[in-house]
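The file coords.json comes next; it holds JSON, C-alpha atoms.
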```json
[["chain", "number", "residue", "atom", "x", "y", "z"],
["A", 1, "MET", "CA", 2.38, -3.28, -33.13],
["A", 2, "THR", "CA", -0.91, -1.53, -32.85],
["A", 3, "TYR", "CA", -2.39, 0.11, -29.82],
["A", 4, "HIS", "CA", -5.45, -1.90, -28.87],
["A", 5, "HIS", "CA", -5.98, -1.36, -25.18],
["A", 6, "GLY", "CA", -8.89, 0.57, -23.76],
["A", 7, "ASP", "CA", -6.79, 1.49, -20.74],
["A", 8, "LEU", "CA", -3.12, 0.75, -21.31],
["A", 9, "ARG", "CA", -2.10, 2.61, -18.16],
["A", 10, "ARG", "CA", -4.27, 0.28, -16.06],
["A", 11, "THR", "CA", -3.01, -2.75, -17.97],
["A", 12, "LEU", "CA", 0.61, -1.75, -17.31],
["A", 13, "LEU", "CA", -0.02, -1.09, -13.60],
["A", 14, "ASP", "CA", -1.68, -4.49, -13.22],
["A", 15, "ALA", "CA", 1.12, -6.19, -15.14],
["A", 16, "ALA", "CA", 3.72, -4.42, -13.00],
["A", 17, "ALA", "CA", 2.00, -5.56, -9.79],
["A", 18, "ALA", "CA", 1.90, -9.14, -11.10],
["A", 19, "SER", "CA", 5.54, -9.01, -12.17],
["A", 20, "ILE", "CA", 6.68, -7.65, -8.80],
["A", 21, "ALA", "CA", 4.69, -10.33, -6.97],
["A", 22, "GLU", "CA", 6.31, -13.03, -9.10],
["A", 23, "SER", "CA", 9.89, -11.81, -9.51],
["A", 24, "GLY", "CA", 10.45, -8.78, -7.28],
["A", 25, "VAL", "CA", 11.03, -5.12, -8.03],
["A", 26, "ALA", "CA", 14.61, -5.55, -9.24],
["A", 27, "LYS", "CA", 13.52, -7.69, -12.20],
["A", 28, "LEU", "CA", 10.69, -5.37, -13.28],
["A", 29, "SER", "CA", 11.29, -4.20, -16.84],
["A", 30, "LEU", "CA", 9.29, -1.71, -18.87],
["A", 31, "ARG", "CA", 10.38, -3.51, -22.02],
["A", 32, "ALA", "CA", 9.03, -6.84, -20.71],
["A", 33, "LEU", "CA", 5.76, -5.18, -19.66],
["A", 34, "ALA", "CA", 5.39, -3.70, -23.14],
["A", 35, "LYS", "CA", 6.05, -7.08, -24.72],
["A", 36, "ASP", "CA", 3.50, -8.79, -22.45],
["A", 37, "ALA", "CA", 0.92, -6.10, -23.27],
["A", 38, "ASN", "CA", 1.71, -6.45, -26.99],
["A", 39, "VAL", "CA", 2.51, -2.77, -27.38],
["A", 40, "SER", "CA", 5.60, -0.86, -28.50],
["A", 41, "ASN", "CA", 8.53, -0.44, -26.13],
["A", 42, "ALA", "CA", 7.76, 3.28, -26.03],
["A", 43, "ALA", "CA", 4.20, 2.82, -24.71],
["A", 44, "PRO", "CA", 5.12, 2.39, -21.01],
["A", 45, "THR", "CA", 7.50, 5.35, -21.28],
["A", 46, "TYR", "CA", 4.68, 7.48, -22.68],
["A", 47, "HIS", "CA", 2.52, 6.75, -19.61],
["A", 48, "PHE", "CA", 5.16, 6.69, -16.84],
["A", 49, "GLY", "CA", 8.41, 8.09, -18.17],
["A", 50, "ASP", "CA", 10.58, 5.42, -16.62],
["A", 51, "LYS", "CA", 10.60, 2.60, -14.07],
["A", 52, "ALA", "CA", 10.56, 5.07, -11.17],
["A", 53, "GLY", "CA", 7.49, 6.72, -12.68],
["A", 54, "LEU", "CA", 5.72, 3.37, -12.97],
["A", 55, "LEU", "CA", 6.59, 2.44, -9.38],
["A", 56, "THR", "CA", 5.51, 5.89, -8.17],
["A", 57, "ALA", "CA", 2.13, 5.46, -9.86],
["A", 58, "LEU", "CA", 1.79, 2.00, -8.31],
["A", 59, "ALA", "CA", 2.68, 3.38, -4.87],
["A", 60, "ALA", "CA", 0.23, 6.28, -5.22],
["A", 61, "GLU", "CA", -2.52, 3.83, -6.15],
["A", 62, "GLY", "CA", -1.54, 1.72, -3.14],
["A", 63, "PHE", "CA", -1.81, 4.64, -0.72],
["A", 64, "GLU", "CA", -5.27, 5.49, -2.06],
["A", 65, "LEU", "CA", -6.36, 1.85, -1.71],
["A", 66, "LEU", "CA", -4.98, 1.80, 1.82],
["A", 67, "ALA", "CA", -6.87, 4.97, 2.72],
["A", 68, "GLU", "CA", -10.08, 3.33, 1.47],
["A", 69, "ALA", "CA", -9.37, 0.12, 3.38],
["A", 70, "VAL", "CA", -8.81, 1.76, 6.74],
["A", 71, "SER", "CA", -11.67, 4.25, 6.32],
["A", 72, "SER", "CA", -14.47, 1.69, 6.18],
["A", 73, "PRO", "CA", -17.54, 2.83, 8.13],
["A", 74, "SER", "CA", -17.97, -0.76, 9.34],
["A", 75, "HIS", "CA", -14.88, -0.56, 11.57],
["A", 76, "GLN", "CA", -15.70, -0.98, 15.22],
["A", 77, "GLY", "CA", -12.38, 0.20, 16.58],
["A", 78, "LEU", "CA", -8.64, 0.08, 16.38],
["A", 79, "VAL", "CA", -8.43, -3.69, 15.95],
["A", 80, "ASP", "CA", -10.68, -3.57, 12.86],
["A", 81, "ILE", "CA", -8.56, -0.81, 11.37],
["A", 82, "GLY", "CA", -5.43, -2.86, 12.03],
["A", 83, "VAL", "CA", -6.90, -5.95, 10.44],
["A", 84, "SER", "CA", -7.95, -3.89, 7.41],
["A", 85, "TYR", "CA", -4.39, -2.62, 7.11],
["A", 86, "VAL", "CA", -3.00, -6.16, 7.16],
["A", 87, "ASP", "CA", -5.70, -7.34, 4.74],
["A", 88, "PHE", "CA", -4.74, -4.52, 2.35],
["A", 89, "ALA", "CA", -1.05, -5.53, 2.55],
["A", 90, "LEU", "CA", -1.78, -9.20, 1.94],
["A", 91, "SER", "CA", -4.22, -8.44, -0.89],
["A", 92, "HIS", "CA", -1.89, -5.94, -2.60],
["A", 93, "PRO", "CA", 1.63, -7.18, -1.81],
["A", 94, "SER", "CA", 3.30, -5.43, -4.75],
["A", 95, "HIS", "CA", 1.75, -2.08, -3.90],
["A", 96, "PHE", "CA", 2.68, -2.55, -0.25],
["A", 97, "LEU", "CA", 6.26, -3.39, -1.17],
["A", 98, "VAL", "CA", 6.88, -0.26, -3.23],
["A", 99, "MET", "CA", 4.86, 2.14, -1.09],
["A", 100, "PHE", "CA", 7.42, 2.10, 1.68],
["A", 101, "GLN", "CA", 10.62, 2.19, -0.38],
["A", 102, "PRO", "CA", 11.16, 5.87, -1.17],
["A", 103, "SER", "CA", 14.42, 5.15, -3.00],
["A", 104, "LEU", "CA", 12.35, 3.48, -5.75],
["A", 105, "LEU", "CA", 9.97, 6.41, -6.16],
["A", 106, "ARG", "CA", 10.03, 9.89, -7.65],
["A", 107, "ASP", "CA", 10.54, 12.34, -4.85],
["A", 108, "GLY", "CA", 8.08, 15.21, -4.89],
["A", 109, "ASP", "CA", 5.50, 13.55, -7.16],
["A", 110, "ASP", "CA", 2.22, 15.40, -6.57],
["A", 111, "ASP", "CA", -0.05, 12.36, -6.98],
["A", 112, "LEU", "CA", 2.09, 10.32, -4.62],
["A", 113, "ASN", "CA", 2.25, 13.09, -2.02],
["A", 114, "LEU", "CA", -1.52, 13.55, -2.11],
["A", 115, "ALA", "CA", -2.15, 9.80, -1.83],
["A", 116, "GLN", "CA", 0.27, 9.56, 1.10],
["A", 117, "GLN", "CA", -1.55, 12.42, 2.82],
["A", 118, "HIS", "CA", -4.90, 10.66, 2.31],
["A", 119, "ALA", "CA", -3.58, 7.41, 3.78],
["A", 120, "ARG", "CA", -1.91, 9.15, 6.71],
["A", 121, "ALA", "CA", -5.05, 11.16, 7.48],
["A", 122, "ALA", "CA", -7.23, 8.05, 7.29],
["A", 123, "LEU", "CA", -4.94, 6.12, 9.63],
["A", 124, "GLU", "CA", -4.65, 8.98, 12.11],
["A", 125, "ALA", "CA", -8.41, 9.58, 12.07],
["A", 126, "GLY", "CA", -9.04, 5.89, 12.64],
["A", 127, "VAL", "CA", -6.74, 5.78, 15.64],
["A", 128, "ARG", "CA", -8.15, 9.04, 17.03],
["A", 129, "ASP", "CA", -11.76, 7.88, 16.59],
["A", 130, "ALA", "CA", -11.00, 4.50, 18.16],
["A", 131, "ARG", "CA", -9.77, 6.12, 21.34],
["A", 132, "ASP", "CA", -12.36, 6.86, 24.00],
["A", 133, "HIS", "CA", -11.24, 10.42, 24.56],
["A", 134, "GLY", "CA", -10.46, 11.19, 20.93],
["A", 135, "SER", "CA", -7.06, 12.78, 21.61],
["A", 136, "ASP", "CA", -4.74, 13.31, 18.70],
["A", 137, "ASP", "CA", -1.48, 11.76, 19.90],
["A", 138, "GLU", "CA", 0.95, 11.23, 17.02],
["A", 139, "SER", "CA", 3.00, 8.65, 18.91],
["A", 140, "SER", "CA", -0.13, 6.56, 19.51],
["A", 141, "SER", "CA", -0.85, 6.55, 15.80],
["A", 142, "ARG", "CA", 2.73, 5.55, 15.04],
["A", 143, "ALA", "CA", 2.63, 2.74, 17.60],
["A", 144, "ALA", "CA", -0.57, 1.31, 16.13],
["A", 145, "TRP", "CA", 0.79, 1.65, 12.59],
["A", 146, "SER", "CA", 4.11, 0.03, 13.55],
["A", 147, "ILE", "CA", 2.44, -3.02, 14.99],
["A", 148, "VAL", "CA", 0.21, -3.80, 12.03],
["A", 149, "HIS", "CA", 2.80, -2.76, 9.44],
["A", 150, "GLY", "CA", 5.40, -4.93, 11.12],
["A", 151, "PHE", "CA", 3.07, -7.90, 11.28],
["A", 152, "ALA", "CA", 2.10, -7.54, 7.61],
["A", 153, "THR", "CA", 5.76, -7.22, 6.60],
["A", 154, "LEU", "CA", 6.72, -10.33, 8.58],
["A", 155, "VAL", "CA", 3.94, -12.36, 6.97],
["A", 156, "LEU", "CA", 4.69, -11.13, 3.43],
["A", 157, "SER", "CA", 8.41, -11.78, 3.79],
["A", 158, "GLY", "CA", 7.80, -15.31, 5.05],
["A", 159, "ALA", "CA", 9.54, -14.57, 8.36],
["A", 160, "ILE", "CA", 6.44, -15.88, 10.11],
["A", 161, "THR", "CA", 3.88, -18.33, 8.83],
["A", 162, "VAL", "CA", 0.36, -18.52, 10.20],
["A", 163, "ALA", "CA", -2.60, -20.51, 8.98],
["A", 164, "ASP", "CA", -4.97, -17.54, 9.07],
["A", 165, "PRO", "CA", -3.06, -14.23, 8.84],
["A", 166, "LEU", "CA", -6.13, -12.05, 9.36],
["A", 167, "ALA", "CA", -7.24, -13.92, 12.47],
["A", 168, "GLU", "CA", -3.69, -13.63, 13.79],
["A", 169, "ALA", "CA", -3.63, -9.93, 12.85],
["A", 170, "ARG", "CA", -6.73, -9.47, 14.98],
["A", 171, "ARG", "CA", -5.00, -11.14, 17.94],
["A", 172, "VAL", "CA", -1.82, -9.09, 17.43],
["A", 173, "ALA", "CA", -3.69, -5.77, 17.13],
["A", 174, "ALA", "CA", -5.68, -6.59, 20.27],
["A", 175, "HIS", "CA", -2.43, -6.38, 22.26],
["A", 176, "LEU", "CA", -2.18, -2.67, 21.64],
["A", 177, "ASP", "CA", -3.70, -0.86, 24.58],
["A", 178, "ILE", "CA", -3.43, 2.64, 23.21],
["A", 179, "ASP", "CA", -4.23, 4.27, 26.56],
["A", 180, "GLN", "CA", -1.02, 2.95, 28.11],
["A", 181, "LEU", "CA", 1.05, 5.00, 25.66],
["A", 182, "GLU", "CA", 0.12, 8.33, 27.22]]
```

Target encoding structure tokens, full file:
Amino acid sequence: MTYHHGDLRRTLLDAAAASIAESGVAKLSLRALAKDANVSNAAPTYHFGDKAGLLTALAAEGFELLAEAVSSPSHQGLVDIGVSYVDFALSHPSHFLVMFQPSLLRDGDDDLNLAQQHARAALEAGVRDARDHGSDDESSSRAAWSIVHGFATLVLSGAITVADPLAEARRVAAHLDIDQLE
């Protein structure tokens, strides 16, 4: 086989996301990804080392995408940030799945740690900025995160079915009166 990709790393990440969406993480195989990309079995190993490396790269990418999603200057408050979080999860279900399963990921990976810090900072800043008095209460951030993360997880797992998940996410996030948490 000959190497013919302009960006094999990107190709493999996209193929991994598609495979996870279709069959789940357990069935993800570097060998199958290589075959689908028409490259040698060693090519994915060269880029990621092993399955944990591939999943760590996918999770790091997911955290960066999440940070972008919740940092939009068009947000008008906490509800918008929450809806953006749910929209990210629904638009990137494979990323979302692996991002919050540390047992699948390489512990201590620098790129992953940095991406997690970016996402956490973006979420905390969004919650802080959405509050009238701008206080930095960690439990308020966790409460807001828990609500939208839980909703996204329930929708993705099929535990709840709604016709318009983003409209429902807006209604769910509107129930969080952050000032009552103090």

ask   = Neighbours of A:Lys35 within 12 Å (only C-alpha atoms; same-chain residues fewer than 5 positions away dropped), as a list of chain:residue names?
value =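 My reading of the contact set: A:Met1, A:Leu12, A:Ala15, A:Ser29, A:Leu30, A:Ser40, A:Asn41, A:Ala42, A:Ala43, A:Pro44.
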
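For A:Arg171, the set of protein, DNA and RNA residues having any atom at most 12 Å away, when counting only C-alpha atoms and skipping those fewer than 2 positions along the same chain, is Leu78, Val79, Asp80, Gly82, Val83, Ile147, Val148, Phe151, Val162, Asp164, Pro165, Leu166, Ala167, Glu168, Ala169, Ala173, Ala174, His175 and Leu176 of chain A.
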
Would you write out those residues with C-alpha atoms, as a tab-separated table (two decimals), in the frame of the given file?
```
chain	number	residue	atom	x	y	z
A	78	LEU	CA	-8.64	0.08	16.38
A	79	VAL	CA	-8.43	-3.69	15.95
A	80	ASP	CA	-10.68	-3.57	12.86
A	82	GLY	CA	-5.43	-2.86	12.03
A	83	VAL	CA	-6.90	-5.95	10.44
A	147	ILE	CA	2.44	-3.02	14.99
A	148	VAL	CA	0.21	-3.80	12.03
A	151	PHE	CA	3.07	-7.90	11.28
A	162	VAL	CA	0.36	-18.52	10.20
A	164	ASP	CA	-4.97	-17.54	9.07
A	165	PRO	CA	-3.06	-14.23	8.84
A	166	LEU	CA	-6.13	-12.05	9.36
A	167	ALA	CA	-7.24	-13.92	12.47
A	168	GLU	CA	-3.69	-13.63	13.79
A	169	ALA	CA	-3.63	-9.93	12.85
A	173	ALA	CA	-3.69	-5.77	17.13
A	174	ALA	CA	-5.68	-6.59	20.27
A	175	HIS	CA	-2.43	-6.38	22.26
A	176	LEU	CA	-2.18	-2.67	21.64
```

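Minimum distance to A:Gly24 across A:Gln76, A:Ser94, A:Thr45, A:Ser157 (counting only C-alpha atoms) occurs at A:Ser94.
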
key: Distance of atom CA of A:Gly53 from atom CA of A:Arg106, expressed in Å to one decimal place   = 6.5 Å

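When all atoms listed in the file are used to compute distances to A:Leu66, the closest of the residues A:Ser103, A:Ser91, A:Ser141, A:Thr153 turns out to be A:Ser91.
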
task = Identify the residues within 9 Å of coordinate (-2.2, 10.2, -1.8) (same frame as the file), considering all atoms listed in the file, and give the answer as number ranges by chain.
result = A: 59-64, 67, 110-120

Written selection (C-alpha atoms) as a PDB file, keeping the file's coordinate frame:
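Result file follows (result-v2.pdb):
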```pdb
ATOM      1  CA  ALA A  59       2.680   3.380  -4.870  1.00  0.00           C
ATOM      2  CA  ALA A  60       0.230   6.280  -5.220  1.00  0.00           C
ATOM      3  CA  GLU A  61      -2.520   3.830  -6.150  1.00  0.00           C
ATOM      4  CA  GLY A  62      -1.540   1.720  -3.140  1.00  0.00           C
ATOM      5  CA  PHE A  63      -1.810   4.640  -0.720  1.00  0.00           C
ATOM      6  CA  GLU A  64      -5.270   5.490  -2.060  1.00  0.00           C
ATOM      7  CA  ALA A  67      -6.870   4.970   2.720  1.00  0.00           C
ATOM      8  CA  ASP A 110       2.220  15.400  -6.570  1.00  0.00           C
ATOM      9  CA  ASP A 111      -0.050  12.360  -6.980  1.00  0.00           C
ATOM     10  CA  LEU A 112       2.090  10.320  -4.620  1.00  0.00           C
ATOM     11  CA  ASN A 113       2.250  13.090  -2.020  1.00  0.00           C
ATOM     12  CA  LEU A 114      -1.520  13.550  -2.110  1.00  0.00           C
ATOM     13  CA  ALA A 115      -2.150   9.800  -1.830  1.00  0.00           C
ATOM     14  CA  GLN A 116       0.270   9.560   1.100  1.00  0.00           C
ATOM     15  CA  GLN A 117      -1.550  12.420   2.820  1.00  0.00           C
ATOM     16  CA  HIS A 118      -4.900  10.660   2.310  1.00  0.00           C
ATOM     17  CA  ALA A 119      -3.580   7.410   3.780  1.00  0.00           C
ATOM     18  CA  ARG A 120      -1.910   9.150   6.710  1.00  0.00           C
TER      19      ARG A 120
END
```

ask   = In Å, with one decimal, what is the gap from atom CA of A:Arg9 to atom CA of A:Phe48?
value = 8.4 Å

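Atom CA of A:Ala52 is found 5.9 Å from atom CA of A:Leu104.
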
query = Taking into account all atoms listed in the file, which residue in the set A:Ala17, A:Arg170, A:Ala121, A:Ala163 is nearest to A:Leu54?
reply =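 For A:Leu54, the nearest of the given residues is A:Ala17.
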
task = May I ask which of the residues A:Leu97, A:Val172, A:Arg142, A:Tyr85 is the closest one to A:Ile20, counting all atoms listed in the file?
result = A:Leu97

Residue nearest A:Glu22 - candidates A:Pro93, A:Gly126, A:Gly6, A:Gly158, atoms counted: all atoms listed in the file = A:Pro93

So that I can check the surroundings of A:His149, please list as a PDB file with C-alpha atoms, in the coordinates of the input every protein, DNA and RNA residue that reaches within 10 Å of it, counting all atoms listed in the file and ignoring chain neighbours fewer than 6 positions away.
```
ATOM      1  CA  GLY A  82      -5.430  -2.860  12.030  1.00  0.00           C
ATOM      2  CA  TYR A  85      -4.390  -2.620   7.110  1.00  0.00           C
ATOM      3  CA  VAL A  86      -3.000  -6.160   7.160  1.00  0.00           C
ATOM      4  CA  ALA A  89      -1.050  -5.530   2.550  1.00  0.00           C
ATOM      5  CA  PHE A  96       2.680  -2.550  -0.250  1.00  0.00           C
ATOM      6  CA  ALA A 143       2.630   2.740  17.600  1.00  0.00           C
ATOM      7  CA  VAL A 155       3.940 -12.360   6.970  1.00  0.00           C
TER       8      VAL A 155
END
```

key: Using all atoms listed in the file: which of A:Val25, A:Ala122, A:Leu55, A:Thr11 has the shortest distance to A:Glu68   =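 Ranking A:Val25, A:Ala122, A:Leu55, A:Thr11 by distance to A:Glu68, first place goes to A:Ala122.
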
Export stretch 25-36 of chain A of the preceding structure, keeping all heavy atoms, as a CSV table (one decimal), in the first residue's frame.
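Once everything was written out, this is selection19.csv:
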```csv
chain,number,residue,atom,x,y,z
A,25,VAL,N,-17.3,2.4,21.0
A,25,VAL,CA,-15.8,2.4,21.2
A,25,VAL,C,-15.2,1.0,21.3
A,25,VAL,O,-14.1,0.8,20.8
A,25,VAL,CB,-15.5,3.2,22.6
A,25,VAL,CG1,-14.1,3.1,22.9
A,25,VAL,CG2,-16.0,4.6,22.5
A,26,ALA,N,-15.9,0.1,21.9
A,26,ALA,CA,-15.4,-1.3,22.1
A,26,ALA,C,-15.0,-1.9,20.7
A,26,ALA,O,-14.1,-2.7,20.7
A,26,ALA,CB,-16.4,-2.2,22.8
A,27,LYS,N,-15.7,-1.6,19.7
A,27,LYS,CA,-15.4,-2.3,18.4
A,27,LYS,C,-14.5,-1.5,17.5
A,27,LYS,O,-14.1,-1.9,16.4
A,27,LYS,CB,-16.7,-2.5,17.6
A,27,LYS,CG,-17.6,-3.5,18.3
A,27,LYS,CD,-18.8,-3.8,17.5
A,27,LYS,CE,-19.6,-4.9,18.2
A,27,LYS,NZ,-20.8,-5.3,17.4
A,28,LEU,N,-14.0,-0.3,18.0
A,28,LEU,CA,-13.0,0.5,17.3
A,28,LEU,C,-11.7,-0.3,17.1
A,28,LEU,O,-11.2,-0.9,18.1
A,28,LEU,CB,-12.7,1.8,18.0
A,28,LEU,CG,-11.7,2.7,17.3
A,28,LEU,CD1,-12.3,3.2,16.0
A,28,LEU,CD2,-11.4,3.9,18.2
A,29,SER,N,-11.2,-0.4,15.9
A,29,SER,CA,-10.0,-1.1,15.6
A,29,SER,C,-9.0,-0.3,14.8
A,29,SER,O,-9.5,0.2,13.7
A,29,SER,CB,-10.3,-2.4,14.9
A,29,SER,OG,-9.3,-3.0,14.2
A,30,LEU,N,-7.8,-0.2,15.2
A,30,LEU,CA,-6.8,0.5,14.4
A,30,LEU,C,-6.6,-0.2,13.1
A,30,LEU,O,-6.4,0.4,12.0
A,30,LEU,CB,-5.5,0.7,15.1
A,30,LEU,CG,-5.5,1.6,16.4
A,30,LEU,CD1,-4.1,1.6,17.0
A,30,LEU,CD2,-6.0,2.9,16.1
A,31,ARG,N,-6.6,-1.5,13.1
A,31,ARG,CA,-6.4,-2.3,11.9
A,31,ARG,C,-7.6,-2.0,10.9
A,31,ARG,O,-7.3,-1.8,9.7
A,31,ARG,CB,-6.4,-3.8,12.2
A,31,ARG,CG,-6.1,-4.7,11.0
A,31,ARG,CD,-5.9,-6.1,11.5
A,31,ARG,NE,-4.9,-6.3,12.4
A,31,ARG,CZ,-3.6,-6.7,12.1
A,31,ARG,NH1,-3.3,-6.9,10.9
A,31,ARG,NH2,-2.7,-6.8,13.0
A,32,ALA,N,-8.8,-2.0,11.4
A,32,ALA,CA,-9.9,-1.7,10.5
A,32,ALA,C,-9.9,-0.3,9.9
A,32,ALA,O,-10.2,0.0,8.8
A,32,ALA,CB,-11.3,-1.9,11.2
A,33,LEU,N,-9.4,0.7,10.8
A,33,LEU,CA,-9.3,2.1,10.3
A,33,LEU,C,-8.2,2.2,9.2
A,33,LEU,O,-8.4,2.9,8.2
A,33,LEU,CB,-8.9,3.0,11.5
A,33,LEU,CG,-10.0,3.3,12.5
A,33,LEU,CD1,-9.4,4.2,13.6
A,33,LEU,CD2,-11.2,3.9,11.9
A,34,ALA,N,-7.1,1.4,9.4
A,34,ALA,CA,-6.1,1.4,8.4
A,34,ALA,C,-6.6,0.8,7.1
A,34,ALA,O,-6.3,1.4,6.0
A,34,ALA,CB,-4.9,0.6,8.9
A,35,LYS,N,-7.3,-0.2,7.2
A,35,LYS,CA,-7.9,-0.9,6.0
A,35,LYS,C,-8.8,0.1,5.3
A,35,LYS,O,-8.8,0.2,4.0
A,35,LYS,CB,-8.6,-2.2,6.4
A,35,LYS,CG,-9.2,-2.9,5.2
A,35,LYS,CD,-9.9,-4.2,5.6
A,35,LYS,CE,-10.5,-4.9,4.4
A,35,LYS,NZ,-11.2,-6.0,4.7
A,36,ASP,N,-9.7,0.7,6.0
A,36,ASP,CA,-10.6,1.7,5.4
A,36,ASP,C,-9.9,2.9,4.8
A,36,ASP,O,-10.4,3.4,3.8
A,36,ASP,CB,-11.6,2.2,6.5
A,36,ASP,CG,-12.6,1.1,6.9
A,36,ASP,OD1,-12.7,0.1,6.2
A,36,ASP,OD2,-13.3,1.3,7.9
```
